[in-house]
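As stored in data_3.cif (mmCIF, C-alpha atoms):
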data_entry
loop_
_atom_site.label_atom_id
_atom_site.label_comp_id
_atom_site.auth_asym_id
_atom_site.auth_seq_id
_atom_site.Cartn_x
_atom_site.Cartn_y
_atom_site.Cartn_z
CA MET A 1 -99.27 -78.49 21.90
CA GLU A 2 -101.25 -80.50 19.35
CA ILE A 3 -102.90 -79.61 16.10
CA PRO A 4 -105.72 -82.16 16.09
CA LEU A 5 -106.58 -83.48 12.66
CA PRO A 6 -106.76 -86.91 10.99
CA SER A 7 -105.01 -89.84 12.58
CA MET A 8 -101.26 -89.97 12.88
CA HIS A 9 -98.85 -92.84 13.31
CA ALA A 10 -97.69 -93.48 16.83
CA HIS A 11 -94.74 -91.38 17.82
CA SER A 12 -92.18 -91.56 20.58
CA ALA A 13 -92.96 -89.73 23.79
CA THR A 14 -89.47 -88.24 23.60
CA THR A 15 -90.06 -86.69 20.15
CA ALA A 16 -90.19 -82.89 20.42
CA ILE A 17 -91.93 -82.33 17.07
CA HIS A 18 -93.81 -84.90 15.04
CA VAL A 19 -95.28 -83.74 11.72
CA ASP A 20 -97.36 -86.16 9.67
CA ARG A 21 -98.53 -85.26 6.13
CA LEU A 22 -99.13 -81.65 7.09
CA SER A 23 -100.82 -79.66 4.32
CA LYS A 24 -102.22 -76.19 3.82
CA LYS A 25 -104.43 -75.17 0.90
CA TYR A 26 -105.50 -71.66 -0.04
CA VAL A 27 -108.40 -70.94 -2.39
CA ILE A 28 -107.66 -68.09 -4.76
CA GLN A 29 -110.70 -66.32 -6.21
CA SER A 30 -110.42 -64.47 -9.51
CA ARG A 31 -112.01 -61.05 -9.88
CA THR A 32 -115.75 -61.07 -10.30
CA GLY A 33 -118.64 -58.68 -10.00
CA PRO A 34 -117.92 -55.03 -9.07
CA GLY A 35 -114.18 -55.68 -8.90
CA ARG A 36 -114.05 -56.16 -12.66
CA THR A 37 -114.12 -53.43 -15.26
CA PHE A 38 -117.19 -52.89 -17.48
CA ALA A 39 -115.23 -54.10 -20.51
CA GLU A 40 -114.26 -57.32 -18.71
CA ARG A 41 -117.85 -58.01 -17.63
CA LEU A 42 -119.15 -57.28 -21.15
CA HIS A 43 -116.53 -59.55 -22.74
CA HIS A 44 -117.30 -62.31 -20.25
CA GLY A 45 -121.06 -62.05 -20.93
CA VAL A 46 -120.72 -62.04 -24.72
CA CYS A 47 -118.29 -64.98 -24.70
CA GLY A 48 -120.76 -66.96 -22.66
CA LEU A 49 -123.42 -66.54 -25.39
CA LEU A 50 -121.21 -67.55 -28.30
CA PRO A 51 -121.11 -71.18 -29.54
CA GLY A 52 -118.08 -73.05 -28.29
CA GLN A 53 -117.37 -70.42 -25.66
CA SER A 54 -119.33 -71.90 -22.79
CA HIS A 55 -116.09 -72.61 -20.92
CA ALA A 56 -115.75 -68.88 -20.38
CA ARG A 57 -118.53 -69.09 -17.83
CA GLY A 58 -116.18 -71.09 -15.62
CA SER A 59 -113.27 -68.70 -15.98
CA ASP A 60 -114.03 -67.22 -12.58
CA SER A 61 -113.93 -70.54 -10.75
CA PRO A 62 -111.69 -70.58 -7.66
CA MET A 63 -108.18 -71.98 -7.90
CA ASP A 64 -106.59 -74.20 -5.26
CA VAL A 65 -103.02 -73.38 -4.24
CA TRP A 66 -101.19 -75.78 -1.93
CA SER A 67 -98.71 -73.77 0.11
CA LEU A 68 -97.71 -76.97 1.93
CA LYS A 69 -98.39 -80.53 0.78
CA ASP A 70 -97.85 -83.82 2.66
CA VAL A 71 -94.87 -82.70 4.74
CA SER A 72 -93.68 -85.23 7.34
CA PHE A 73 -90.67 -85.22 9.67
CA GLN A 74 -89.66 -85.65 13.30
CA VAL A 75 -87.38 -83.56 15.50
CA GLN A 76 -85.86 -84.86 18.71
CA PRO A 77 -85.31 -82.75 21.87
CA GLY A 78 -82.12 -80.72 21.66
CA GLU A 79 -81.94 -80.75 17.85
CA VAL A 80 -81.30 -77.47 16.04
CA VAL A 81 -82.84 -77.85 12.59
CA GLY A 82 -82.59 -75.39 9.72
CA ILE A 83 -85.36 -74.93 7.17
CA VAL A 84 -84.28 -73.56 3.80
CA GLY A 85 -85.84 -72.96 0.42
CA ARG A 86 -86.60 -70.26 -2.08
CA ASN A 87 -89.25 -67.59 -1.52
CA GLY A 88 -92.65 -69.23 -1.73
CA ALA A 89 -91.34 -72.70 -0.87
CA GLY A 90 -93.63 -72.98 2.17
CA LYS A 91 -91.19 -72.23 5.00
CA SER A 92 -93.21 -69.54 6.74
CA THR A 93 -96.43 -71.49 6.22
CA LEU A 94 -94.91 -74.46 8.01
CA LEU A 95 -93.81 -72.35 10.95
CA LYS A 96 -97.21 -70.66 11.20
CA LEU A 97 -98.89 -74.06 11.26
CA LEU A 98 -96.57 -75.30 14.01
CA SER A 99 -97.17 -72.08 15.95
CA ARG A 100 -100.96 -72.49 15.57
CA ILE A 101 -101.29 -69.11 13.89
CA ILE A 102 -103.15 -70.81 11.03
CA ASP A 103 -104.98 -74.13 10.81
CA PRO A 104 -103.89 -76.91 8.47
CA THR A 105 -106.07 -78.26 5.70
CA ALA A 106 -104.91 -81.82 6.33
CA GLY A 107 -102.34 -83.69 8.34
CA ARG A 108 -101.28 -83.40 11.92
CA ALA A 109 -98.47 -82.02 14.08
CA VAL A 110 -97.68 -82.70 17.73
CA LEU A 111 -95.28 -80.49 19.68
CA GLN A 112 -94.19 -81.50 23.16
CA GLY A 113 -93.61 -78.66 25.61
CA ARG A 114 -93.84 -74.88 25.66
CA VAL A 115 -93.29 -73.22 22.29
CA GLY A 116 -91.68 -69.82 21.75
CA THR A 117 -92.09 -68.21 18.35
CA LEU A 118 -90.36 -65.34 16.58
CA LEU A 119 -92.00 -65.11 13.20
CA GLU A 120 -92.27 -61.37 12.69
CA VAL A 121 -90.51 -58.35 14.13
CA GLY A 122 -92.27 -57.03 17.22
CA THR A 123 -95.04 -59.64 17.29
CA GLY A 124 -97.35 -58.78 20.18
CA PHE A 125 -95.87 -55.31 20.69
CA HIS A 126 -98.11 -52.30 21.13
CA PRO A 127 -96.57 -49.18 19.58
CA GLU A 128 -97.91 -46.81 22.26
CA LEU A 129 -96.45 -48.84 25.15
CA THR A 130 -92.90 -48.51 26.41
CA GLY A 131 -90.23 -51.14 25.98
CA GLN A 132 -90.74 -52.23 29.59
CA ASP A 133 -94.52 -52.56 29.15
CA ASN A 134 -94.04 -54.53 25.94
CA ILE A 135 -91.61 -56.92 27.61
CA TYR A 136 -94.38 -57.88 30.03
CA LEU A 137 -97.08 -57.87 27.33
CA SER A 138 -95.07 -59.95 24.86
CA GLY A 139 -93.78 -62.27 27.58
CA ILE A 140 -97.28 -63.02 28.82
CA LEU A 141 -98.49 -63.63 25.24
CA LEU A 142 -95.61 -66.07 24.82
CA GLY A 143 -96.67 -67.96 27.93
CA MET A 144 -94.48 -66.51 30.68
CA THR A 145 -95.82 -65.64 34.11
CA LYS A 146 -95.25 -62.21 35.67
CA GLN A 147 -92.90 -63.81 38.20
CA GLU A 148 -90.82 -65.32 35.38
CA ILE A 149 -90.64 -61.98 33.59
CA ASP A 150 -89.66 -60.20 36.84
CA ALA A 151 -86.83 -62.66 37.38
CA ARG A 152 -85.49 -62.26 33.83
CA PHE A 153 -86.30 -58.61 33.15
CA ASP A 154 -82.77 -57.28 33.69
CA HIS A 155 -81.28 -60.03 31.52
CA ILE A 156 -83.79 -59.30 28.74
CA VAL A 157 -82.94 -55.60 28.75
CA ALA A 158 -79.20 -56.22 28.91
CA PHE A 159 -79.32 -58.73 26.06
CA SER A 160 -81.35 -56.39 23.84
CA GLY A 161 -79.04 -53.43 24.46
CA ILE A 162 -81.92 -50.93 24.69
CA GLY A 163 -81.46 -50.07 28.36
CA ALA A 164 -81.44 -46.31 27.73
CA TYR A 165 -84.76 -46.54 25.86
CA VAL A 166 -86.65 -49.08 27.95
CA ASP A 167 -89.08 -46.37 29.10
CA THR A 168 -89.60 -45.01 25.57
CA PRO A 169 -92.67 -45.99 23.50
CA VAL A 170 -91.64 -48.62 20.98
CA LYS A 171 -93.20 -46.67 18.12
CA ARG A 172 -90.04 -44.56 18.30
CA TYR A 173 -87.77 -47.60 18.02
CA SER A 174 -85.87 -48.41 14.87
CA SER A 175 -86.51 -51.77 13.21
CA GLY A 176 -83.20 -52.99 14.66
CA MET A 177 -84.28 -52.06 18.21
CA PHE A 178 -87.61 -53.79 17.59
CA VAL A 179 -86.02 -57.08 16.61
CA ARG A 180 -83.45 -56.94 19.41
CA LEU A 181 -86.13 -56.54 22.04
CA ALA A 182 -88.45 -59.11 20.43
CA PHE A 183 -85.73 -61.74 20.21
CA SER A 184 -84.55 -61.01 23.74
CA VAL A 185 -88.00 -61.71 25.15
CA GLY A 186 -88.34 -64.89 23.09
CA ALA A 187 -84.86 -66.15 23.98
CA HIS A 188 -85.44 -65.67 27.70
CA LEU A 189 -88.77 -67.48 27.60
CA GLU A 190 -86.72 -70.69 27.93
CA PRO A 191 -89.15 -72.71 25.79
CA GLU A 192 -88.77 -76.38 25.09
CA ILE A 193 -89.18 -75.47 21.40
CA LEU A 194 -88.06 -72.17 19.82
CA ILE A 195 -89.31 -71.36 16.31
CA VAL A 196 -87.42 -68.55 14.58
CA ASP A 197 -88.20 -67.14 11.15
CA GLU A 198 -86.05 -64.72 9.12
CA VAL A 199 -86.19 -61.93 11.72
CA LEU A 200 -82.49 -61.67 12.53
CA ALA A 201 -81.71 -60.07 9.18
CA VAL A 202 -82.88 -56.75 10.64
CA GLY A 203 -80.39 -56.75 13.50
CA ASP A 204 -76.83 -55.51 13.27
CA PHE A 205 -73.84 -57.86 12.99
CA GLU A 206 -73.02 -57.90 16.70
CA PHE A 207 -76.59 -58.68 17.70
CA GLN A 208 -76.94 -61.38 15.05
CA SER A 209 -73.90 -63.07 16.55
CA LYS A 210 -75.46 -62.87 20.01
CA CYS A 211 -78.71 -64.34 18.71
CA LEU A 212 -76.97 -67.24 17.00
CA GLN A 213 -74.99 -67.89 20.15
CA ALA A 214 -78.20 -67.83 22.19
CA MET A 215 -79.82 -70.37 19.86
CA GLN A 216 -76.75 -72.60 20.10
CA ASP A 217 -77.00 -72.43 23.89
CA ILE A 218 -80.70 -73.28 23.75
CA GLY A 219 -79.90 -76.42 21.76
CA ALA A 220 -77.00 -77.29 24.07
CA HIS A 221 -79.41 -77.29 27.02
CA GLY A 222 -81.66 -79.90 25.44
CA ARG A 223 -84.20 -77.57 23.89
CA THR A 224 -85.31 -77.71 20.28
CA VAL A 225 -84.83 -74.96 17.66
CA LEU A 226 -86.37 -74.61 14.20
CA PHE A 227 -84.50 -71.91 12.30
CA VAL A 228 -85.59 -70.47 8.94
CA SER A 229 -83.04 -68.28 7.15
CA HIS A 230 -81.73 -67.35 3.73
CA ASP A 231 -78.31 -66.88 5.34
CA LEU A 232 -76.81 -70.24 4.44
CA SER A 233 -73.70 -69.45 6.48
CA ALA A 234 -75.79 -69.09 9.62
CA VAL A 235 -77.69 -72.29 8.83
CA SER A 236 -74.49 -74.28 8.24
CA ARG A 237 -72.93 -72.92 11.42
CA LEU A 238 -75.94 -73.38 13.67
CA CYS A 239 -77.78 -76.44 12.33
CA PRO A 240 -76.28 -79.93 11.99
CA ARG A 241 -79.48 -80.97 10.22
CA SER A 242 -81.65 -79.09 7.73
CA ILE A 243 -84.86 -79.50 5.76
CA LEU A 244 -85.25 -78.25 2.19
CA LEU A 245 -88.74 -77.23 1.04
CA ASP A 246 -89.62 -76.68 -2.59
CA SER A 247 -93.06 -75.68 -3.89
CA GLY A 248 -94.65 -76.71 -0.60
CA ARG A 249 -93.11 -80.18 -0.48
CA LEU A 250 -90.28 -81.59 1.59
CA LEU A 251 -87.47 -82.18 -0.90
CA VAL A 252 -84.55 -83.21 1.34
CA ASP A 253 -84.12 -83.89 5.07
CA GLY A 254 -80.61 -84.66 6.27
CA PRO A 255 -77.14 -83.32 7.15
CA THR A 256 -76.94 -79.60 6.47
CA THR A 257 -73.97 -79.87 4.11
CA GLU A 258 -75.86 -82.27 1.83
CA VAL A 259 -79.08 -80.26 2.02
CA LEU A 260 -77.35 -76.98 1.14
CA SER A 261 -75.57 -78.69 -1.74
CA THR A 262 -78.92 -79.85 -3.11
CA TYR A 263 -80.41 -76.40 -2.55
CA LEU A 264 -77.65 -74.63 -4.46
CA HIS A 265 -77.80 -77.22 -7.23
CA ALA A 266 -81.57 -76.95 -7.63
CA GLY A 267 -81.76 -73.18 -7.23
CA THR A 268 -81.51 -70.37 -9.75
CA LEU A 269 -77.97 -69.39 -8.79
CA PRO A 270 -75.13 -70.46 -11.07
CA PRO A 271 -73.75 -73.85 -9.92
CA GLY A 272 -70.15 -74.75 -9.04
CA ALA A 273 -69.25 -74.90 -12.73
CA MET A 274 -70.22 -72.91 -15.78
CA GLU A 275 -69.41 -74.25 -19.23
CA TRP A 276 -70.08 -72.87 -22.69
CA ARG A 277 -70.10 -75.85 -25.02
CA GLU A 278 -70.73 -73.84 -28.19
CA ARG A 279 -67.93 -71.48 -29.15
CA GLU A 280 -70.33 -68.99 -30.71
CA ILE A 281 -72.09 -68.31 -27.39
CA ALA A 282 -69.01 -68.41 -25.16
CA PRO A 283 -67.97 -65.02 -23.68
CA GLY A 284 -65.31 -63.34 -25.76
CA ASN A 285 -64.61 -62.32 -29.33
CA GLU A 286 -62.66 -63.36 -32.39
CA TYR A 287 -59.39 -63.24 -30.43
CA ALA A 288 -60.19 -65.36 -27.37
CA ARG A 289 -63.14 -66.93 -25.57
CA VAL A 290 -63.77 -68.29 -22.07
CA ARG A 291 -65.10 -71.85 -22.33
CA ALA A 292 -65.48 -72.93 -18.67
CA VAL A 293 -65.10 -71.81 -15.06
CA ARG A 294 -65.13 -74.40 -12.30
CA VAL A 295 -64.64 -74.83 -8.57
CA ARG A 296 -63.29 -78.24 -7.55
CA ASP A 297 -62.97 -79.62 -4.04
CA ARG A 298 -59.88 -81.36 -2.67
CA PHE A 299 -61.00 -84.60 -4.33
CA GLY A 300 -61.31 -82.98 -7.75
CA ALA A 301 -65.12 -83.03 -7.89
CA ILE A 302 -67.20 -80.01 -8.92
CA ALA A 303 -67.96 -78.20 -5.65
CA ARG A 304 -70.79 -75.92 -4.65
CA ILE A 305 -69.92 -76.14 -0.96
CA VAL A 306 -66.37 -75.99 0.38
CA GLU A 307 -65.34 -76.73 3.96
CA ILE A 308 -63.49 -73.73 5.37
CA ARG A 309 -60.40 -75.80 6.26
CA ASP A 310 -60.06 -77.46 2.87
CA ALA A 311 -58.08 -76.16 -0.08
CA PHE A 312 -60.01 -76.00 -3.34
CA THR A 313 -59.12 -75.48 -6.97
CA ILE A 314 -60.23 -72.77 -9.36
CA GLU A 315 -60.24 -73.94 -12.96
CA LEU A 316 -60.30 -71.59 -15.93
CA GLU A 317 -60.65 -72.97 -19.44
CA TYR A 318 -60.26 -70.63 -22.41
CA GLU A 319 -59.39 -70.57 -26.10
CA VAL A 320 -56.87 -68.39 -27.90
CA LEU A 321 -58.25 -68.06 -31.42
CA GLN A 322 -55.65 -65.69 -32.84
CA PRO A 323 -51.98 -65.96 -31.79
CA GLY A 324 -49.64 -63.14 -30.92
CA PHE A 325 -51.32 -61.56 -27.88
CA LYS A 326 -49.77 -61.33 -24.43
CA LEU A 327 -52.78 -62.35 -22.41
CA ALA A 328 -53.61 -61.92 -18.74
CA PRO A 329 -56.25 -64.55 -17.87
CA HIS A 330 -57.43 -64.11 -14.28
CA VAL A 331 -60.25 -64.82 -11.87
CA GLY A 332 -61.89 -62.69 -9.21
CA VAL A 333 -63.71 -63.61 -6.02
CA THR A 334 -66.44 -61.33 -4.63
CA THR A 335 -68.77 -61.65 -1.67
CA GLU A 336 -72.56 -61.77 -1.95
CA ARG A 337 -72.47 -58.09 -0.87
CA GLY A 338 -70.43 -57.24 -3.95
CA GLU A 339 -67.10 -56.74 -2.16
CA GLN A 340 -64.09 -57.64 -4.29
CA LEU A 341 -61.88 -59.94 -2.21
CA PHE A 342 -59.10 -60.51 -4.71
CA LEU A 343 -58.07 -60.88 -8.33
CA ALA A 344 -55.71 -63.74 -9.11
CA TYR A 345 -53.76 -63.57 -12.37
CA GLU A 346 -52.40 -66.62 -14.11
CA VAL A 347 -48.63 -66.39 -13.64
CA ASN A 348 -46.78 -69.43 -14.96
CA GLN A 349 -44.30 -70.65 -17.51
CA PRO A 350 -43.88 -70.77 -20.42
CA TRP A 351 -46.44 -68.04 -21.16
CA ASP A 352 -45.55 -65.51 -18.49
CA GLY A 353 -45.26 -62.23 -20.38
CA LEU A 354 -45.07 -63.97 -23.74
CA ALA A 355 -47.41 -64.01 -26.71
CA ARG A 356 -49.80 -66.94 -26.70
CA ALA A 357 -50.05 -69.55 -29.39
CA ALA A 358 -53.50 -70.48 -30.65
CA GLY A 359 -55.05 -73.30 -28.68
CA ARG A 360 -57.30 -74.34 -25.84
CA TYR A 361 -55.85 -73.73 -22.39
CA THR A 362 -56.89 -75.06 -18.98
CA SER A 363 -55.35 -73.22 -16.03
CA ARG A 364 -55.77 -74.24 -12.42
CA ALA A 365 -54.96 -72.47 -9.19
CA VAL A 366 -55.26 -73.79 -5.63
CA VAL A 367 -56.88 -71.59 -2.99
CA PRO A 368 -55.55 -72.63 0.42
CA GLY A 369 -57.84 -73.71 3.21
CA ASN A 370 -58.42 -71.37 6.15
CA LEU A 371 -58.36 -68.31 3.90
CA LEU A 372 -61.97 -67.34 3.12
CA THR A 373 -64.43 -66.97 5.94
CA GLU A 374 -67.82 -68.66 5.82
CA GLY A 375 -70.27 -67.21 3.34
CA THR A 376 -71.43 -67.16 -0.28
CA TYR A 377 -68.93 -66.15 -2.97
CA PHE A 378 -69.02 -65.43 -6.69
CA LEU A 379 -66.18 -66.47 -8.95
CA GLY A 380 -65.66 -64.34 -12.04
CA ALA A 381 -63.53 -65.00 -15.13
CA PHE A 382 -61.61 -62.34 -17.03
CA CYS A 383 -59.06 -62.11 -19.84
CA TYR A 384 -57.24 -59.00 -20.99
CA ALA A 385 -54.29 -58.35 -23.28
CA TYR A 386 -51.36 -56.35 -21.93
CA GLU A 387 -50.80 -54.22 -25.03
CA THR A 388 -54.24 -53.78 -26.56
CA LYS A 389 -57.90 -53.42 -25.64
CA GLU A 390 -59.05 -55.69 -28.43
CA VAL A 391 -59.14 -58.64 -26.00
CA ASN A 392 -61.44 -57.69 -23.15
CA ILE A 393 -63.49 -60.54 -21.67
CA GLU A 394 -65.47 -60.16 -18.43
CA VAL A 395 -67.76 -62.69 -16.77
CA PRO A 396 -68.02 -61.21 -13.25
CA GLU A 397 -70.38 -63.80 -11.67
CA ALA A 398 -69.80 -67.01 -13.58
CA VAL A 399 -69.99 -69.38 -10.61
CA VAL A 400 -71.33 -69.28 -7.06
CA PHE A 401 -70.02 -71.39 -4.20
CA GLN A 402 -70.52 -71.60 -0.46
CA VAL A 403 -67.84 -71.78 2.24
CA VAL A 404 -69.11 -73.47 5.41
CA ASP A 405 -67.57 -73.88 8.85
CA ARG A 406 -68.42 -76.98 10.86
CA GLN A 407 -66.64 -75.53 13.91
CA GLN A 408 -64.23 -78.40 14.20
CA PRO A 409 -60.98 -77.90 16.12
CA GLY A 410 -57.75 -76.99 14.39
CA GLY A 411 -59.00 -74.06 12.31
CA ALA A 412 -58.54 -70.29 12.42
CA ARG A 413 -61.71 -70.03 14.54
CA GLY A 414 -59.96 -71.49 17.57
CA TYR A 415 -62.48 -71.95 20.36
CA MET A 416 -64.60 -68.93 19.42
CA ARG A 417 -68.27 -69.59 18.77
CA GLY A 418 -70.81 -67.73 16.70
CA ARG A 419 -70.20 -65.64 13.63
CA ILE A 420 -66.75 -64.09 13.21
CA PRO A 421 -66.57 -60.76 11.33
CA GLY A 422 -64.34 -60.15 8.34
CA SER A 423 -64.23 -61.20 4.70
CA ILE A 424 -61.26 -63.53 5.14
CA ARG A 425 -60.12 -65.70 8.01
CA PRO A 426 -56.50 -66.79 7.48
CA LEU A 427 -54.87 -69.40 9.69
CA LEU A 428 -51.74 -67.51 10.74
CA GLN A 429 -48.61 -69.08 12.16
CA TRP A 430 -48.27 -67.95 15.76
CA ASN A 431 -45.22 -68.09 18.01
CA CYS A 432 -45.88 -67.52 21.72
CA GLN A 433 -43.14 -67.05 24.31
CA VAL A 434 -43.65 -67.12 28.08
CA GLU A 435 -41.39 -65.35 30.57
CA PRO A 436 -41.49 -65.85 34.32
CA LEU A 437 -43.21 -63.29 36.54
CA VAL A 438 -41.03 -61.32 38.95
CA GLY A 439 -42.36 -60.17 42.31
CA PRO A 440 -41.71 -56.85 44.09
CA ALA A 441 -38.57 -58.19 45.81
CA GLY A 442 -37.21 -59.70 42.63
CA GLU A 443 -38.41 -63.19 43.43
CA VAL A 444 -39.60 -65.36 40.59
CA LEU A 445 -43.30 -66.19 40.81
CA SER A 446 -44.76 -69.34 39.38
CA VAL A 447 -47.87 -69.11 37.26
CA GLU A 448 -49.93 -70.45 40.14
CA GLU A 449 -48.46 -67.95 42.61
CA GLY A 450 -48.81 -64.97 40.30
CA SER A 451 -52.23 -65.79 38.93
CA SER A 452 -55.33 -64.18 40.34
CA ARG A 453 -57.54 -66.87 38.78
CA ARG A 454 -58.01 -70.30 40.28
#
Take the structure in the file and write it out as structure tokens.
Amino acid sequence: MEIPLPSMHAHSATTAIHVDRLSKKYVIQSRTGPGRTFAERLHHGVCGLLPGQSHARGSDSPMDVWSLKDVSFQVQPGEVVGIVGRNGAGKSTLLKLLSRIIDPTAGRAVLQGRVGTLLEVGTGFHPELTGQDNIYLSGILLGMTKQEIDARFDHIVAFSGIGAYVDTPVKRYSSGMFVRLAFSVGAHLEPEILIVDEVLAVGDFEFQSKCLQAMQDIGAHGRTVLFVSHDLSAVSRLCPRSILLDSGRLLVDGPTTEVLSTYLHAGTLPPGAMEWREREIAPGNEYARVRAVRVRDRFGAIARIVEIRDAFTIELEYEVLQPGFKLAPHVGVTTERGEQLFLAYEVNQPWDGLARAAGRYTSRAVVPGNLLTEGTYFLGAFCYAYETKEVNIEVPEAVVFQVVDRQQPGGARGYMRGRIPGSIRPLLQWNCQVEPLVGPAGEVLSVEEGSSRR
């Protein structure tokens, strides 16, 4: 598939996607004529007659907004590439351009092979038709032949999990059923290129895992996947490479770990460290104040992204301004869904259970690797006094950090693929014993003799 526009540099015949200076401009018109109130039209007319106010006549001139500007990259067959960025960064615009839903203003893109797209839930579905009818309708719109759909129909239904409702009009489906069926059709299209926008957020956890597994399998079979998601855990798990868009421009293109680190650093979320350099604005009161909260990786550097197998350090820096209080400084870790995972109190000598002297304290605690599962976490800082409520400091979301899983061997994941449920994933110490099998006559069977699998 080719979007023919101005000339493009020569590209390799083996390149699945070649994008060269792709741009999309929208023209935004301000309100004019009947759409404006009488007071607005009167004010506009009077201002146009006054000396020095002639510029008001041009106040209704159209405004150009570049949703995408000079974006260039290449994707090779079999690559699974994530596309991340804040809302309005241009992610969906890029996918719509590649899917030929909209035309570019400038630039060019060449896609080699059949393209399957999942940009919106239930794209191509007719609400009055049954699930079965919509499988054929959507499949044909996506480029499948009736014979291909016939051959894969049972697999599509089984994957979607809507077998009991396949003869029910889809207008009675929930949004979750919609997305399951839509993704099932798209996944079984077996395209050379699969383009997936943030549609999986509607599905339940089990189906999301199936979808991610399906996209991994698509990449493993030499097909290309472009995956847009705000779920950074899914992006880090699925995509070795990612592209970061910001304000319509390509900001970073590279290994996913580096791209996500840049994204978290440049975003609006708190970074891997929060410091209050001025005592007057630091959280606290006249008795104590929190001055810094940090996450450090195993090398001691400030960390926004932590590999799931690596230990990392939580650092809490605080000041005791008035002596004599038995303090309980502690940190808390919560998930992005607001679930409290744990509170960890500072327990050490010589201040365990004793009144603190005035001073500036820096306390560090090591969180072992293979404890948290992949995801986004908030680190909060707290400080109470055991015997009084006068010291009561709470900073519940001081720092955000990301735990990623590169699916390397030797971790708590084992050989499982896809997303693993649970808020923590400890690496437990296992001890496995094997006893010989005994046959009906008391004979000892070897594993080969007693096994039904070959």
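The gap separating CA of Ser363 in chain A from CA of Tyr318 in chain A is 8.5 Å, in Å to one decimal.
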Local residues around (-93.5, -68.0, 9.8), at most 12 Å away, using all atoms listed in the file, as a ChimeraX atom specification: /A:83,88-102,117-121,123,195-199,226-229
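Residues with any atom within 12 Å of Ser138 in chain A, counting only C-alpha atoms and excluding same-chain neighbours fewer than 6 positions away, are Gly116, Thr117, Leu118, Val121, Gly122, Thr123, Gly124, Phe125, His126, Leu129, Thr130, Gly131, Gln132, Met144, Thr145, Lys146, Ile149, Ile156, Leu181, Ala182, Phe183, Ser184, Val185, Gly186, Ala187, His188 and Leu189 of chain A.
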Quick one: write out the picked residues with C-alpha atoms as a CSV table (one decimal), keeping the file's coordinate frame?
chain,number,residue,atom,x,y,z
A,116,GLY,CA,-91.7,-69.8,21.8
A,117,THR,CA,-92.1,-68.2,18.4
A,118,LEU,CA,-90.4,-65.3,16.6
A,121,VAL,CA,-90.5,-58.4,14.1
A,122,GLY,CA,-92.3,-57.0,17.2
A,123,THR,CA,-95.0,-59.6,17.3
A,124,GLY,CA,-97.4,-58.8,20.2
A,125,PHE,CA,-95.9,-55.3,20.7
A,126,HIS,CA,-98.1,-52.3,21.1
A,129,LEU,CA,-96.4,-48.8,25.2
A,130,THR,CA,-92.9,-48.5,26.4
A,131,GLY,CA,-90.2,-51.1,26.0
A,132,GLN,CA,-90.7,-52.2,29.6
A,144,MET,CA,-94.5,-66.5,30.7
A,145,THR,CA,-95.8,-65.6,34.1
A,146,LYS,CA,-95.2,-62.2,35.7
A,149,ILE,CA,-90.6,-62.0,33.6
A,156,ILE,CA,-83.8,-59.3,28.7
A,181,LEU,CA,-86.1,-56.5,22.0
A,182,ALA,CA,-88.4,-59.1,20.4
A,183,PHE,CA,-85.7,-61.7,20.2
A,184,SER,CA,-84.6,-61.0,23.7
A,185,VAL,CA,-88.0,-61.7,25.2
A,186,GLY,CA,-88.3,-64.9,23.1
A,187,ALA,CA,-84.9,-66.2,24.0
A,188,HIS,CA,-85.4,-65.7,27.7
A,189,LEU,CA,-88.8,-67.5,27.6
Selection dump of the PyMOL selection byres ((chain A and resi 404) around 9), as an MDAnalysis selection string: chainID A and resid 232:233 236:237 257 305:308 373:376 402:403 405:406
Just to be explicit: take each residue in the selection above, keep C-alpha atoms, and write the result as a PDB file, in the frame of the given file.
ATOM      1  CA  LEU A 232     -76.810 -70.240   4.440  1.00  0.00           C
ATOM      2  CA  SER A 233     -73.700 -69.450   6.480  1.00  0.00           C
ATOM      3  CA  SER A 236     -74.490 -74.280   8.240  1.00  0.00           C
ATOM      4  CA  ARG A 237     -72.930 -72.920  11.420  1.00  0.00           C
ATOM      5  CA  THR A 257     -73.970 -79.870   4.110  1.00  0.00           C
ATOM      6  CA  ILE A 305     -69.920 -76.140  -0.960  1.00  0.00           C
ATOM      7  CA  VAL A 306     -66.370 -75.990   0.380  1.00  0.00           C
ATOM      8  CA  GLU A 307     -65.340 -76.730   3.960  1.00  0.00           C
ATOM      9  CA  ILE A 308     -63.490 -73.730   5.370  1.00  0.00           C
ATOM     10  CA  THR A 373     -64.430 -66.970   5.940  1.00  0.00           C
ATOM     11  CA  GLU A 374     -67.820 -68.660   5.820  1.00  0.00           C
ATOM     12  CA  GLY A 375     -70.270 -67.210   3.340  1.00  0.00           C
ATOM     13  CA  THR A 376     -71.430 -67.160  -0.280  1.00  0.00           C
ATOM     14  CA  GLN A 402     -70.520 -71.600  -0.460  1.00  0.00           C
ATOM     15  CA  VAL A 403     -67.840 -71.780   2.240  1.00  0.00           C
ATOM     16  CA  ASP A 405     -67.570 -73.880   8.850  1.00  0.00           C
ATOM     17  CA  ARG A 406     -68.420 -76.980  10.860  1.00  0.00           C
TER      18      ARG A 406
END
Hits from the PyMOL selection byres ((chain A and resi 17-23) around 6), listed as number ranges by chain: A: 15-16, 24, 68-75, 104-111
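Close contacts of Arg114 in chain A, defined as residues with an atom at most 9 Å away when counting all atoms listed in the file, with chain neighbours fewer than 6 positions off set aside, comprise Met1, Gly143, Glu190, Pro191, Glu192, Ile193 and Leu194 of chain A.
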Would you export the selected residues with C-alpha atoms as a compact mmCIF listing (two decimals), keeping the file's coordinate frame, please?
# COMPACT_ATOMS: atom_id res chain seq x y z
CA MET A 1 -99.27 -78.49 21.90
CA GLY A 143 -96.67 -67.96 27.93
CA GLU A 190 -86.72 -70.69 27.93
CA PRO A 191 -89.15 -72.71 25.79
CA GLU A 192 -88.77 -76.38 25.09
CA ILE A 193 -89.18 -75.47 21.40
CA LEU A 194 -88.06 -72.17 19.82
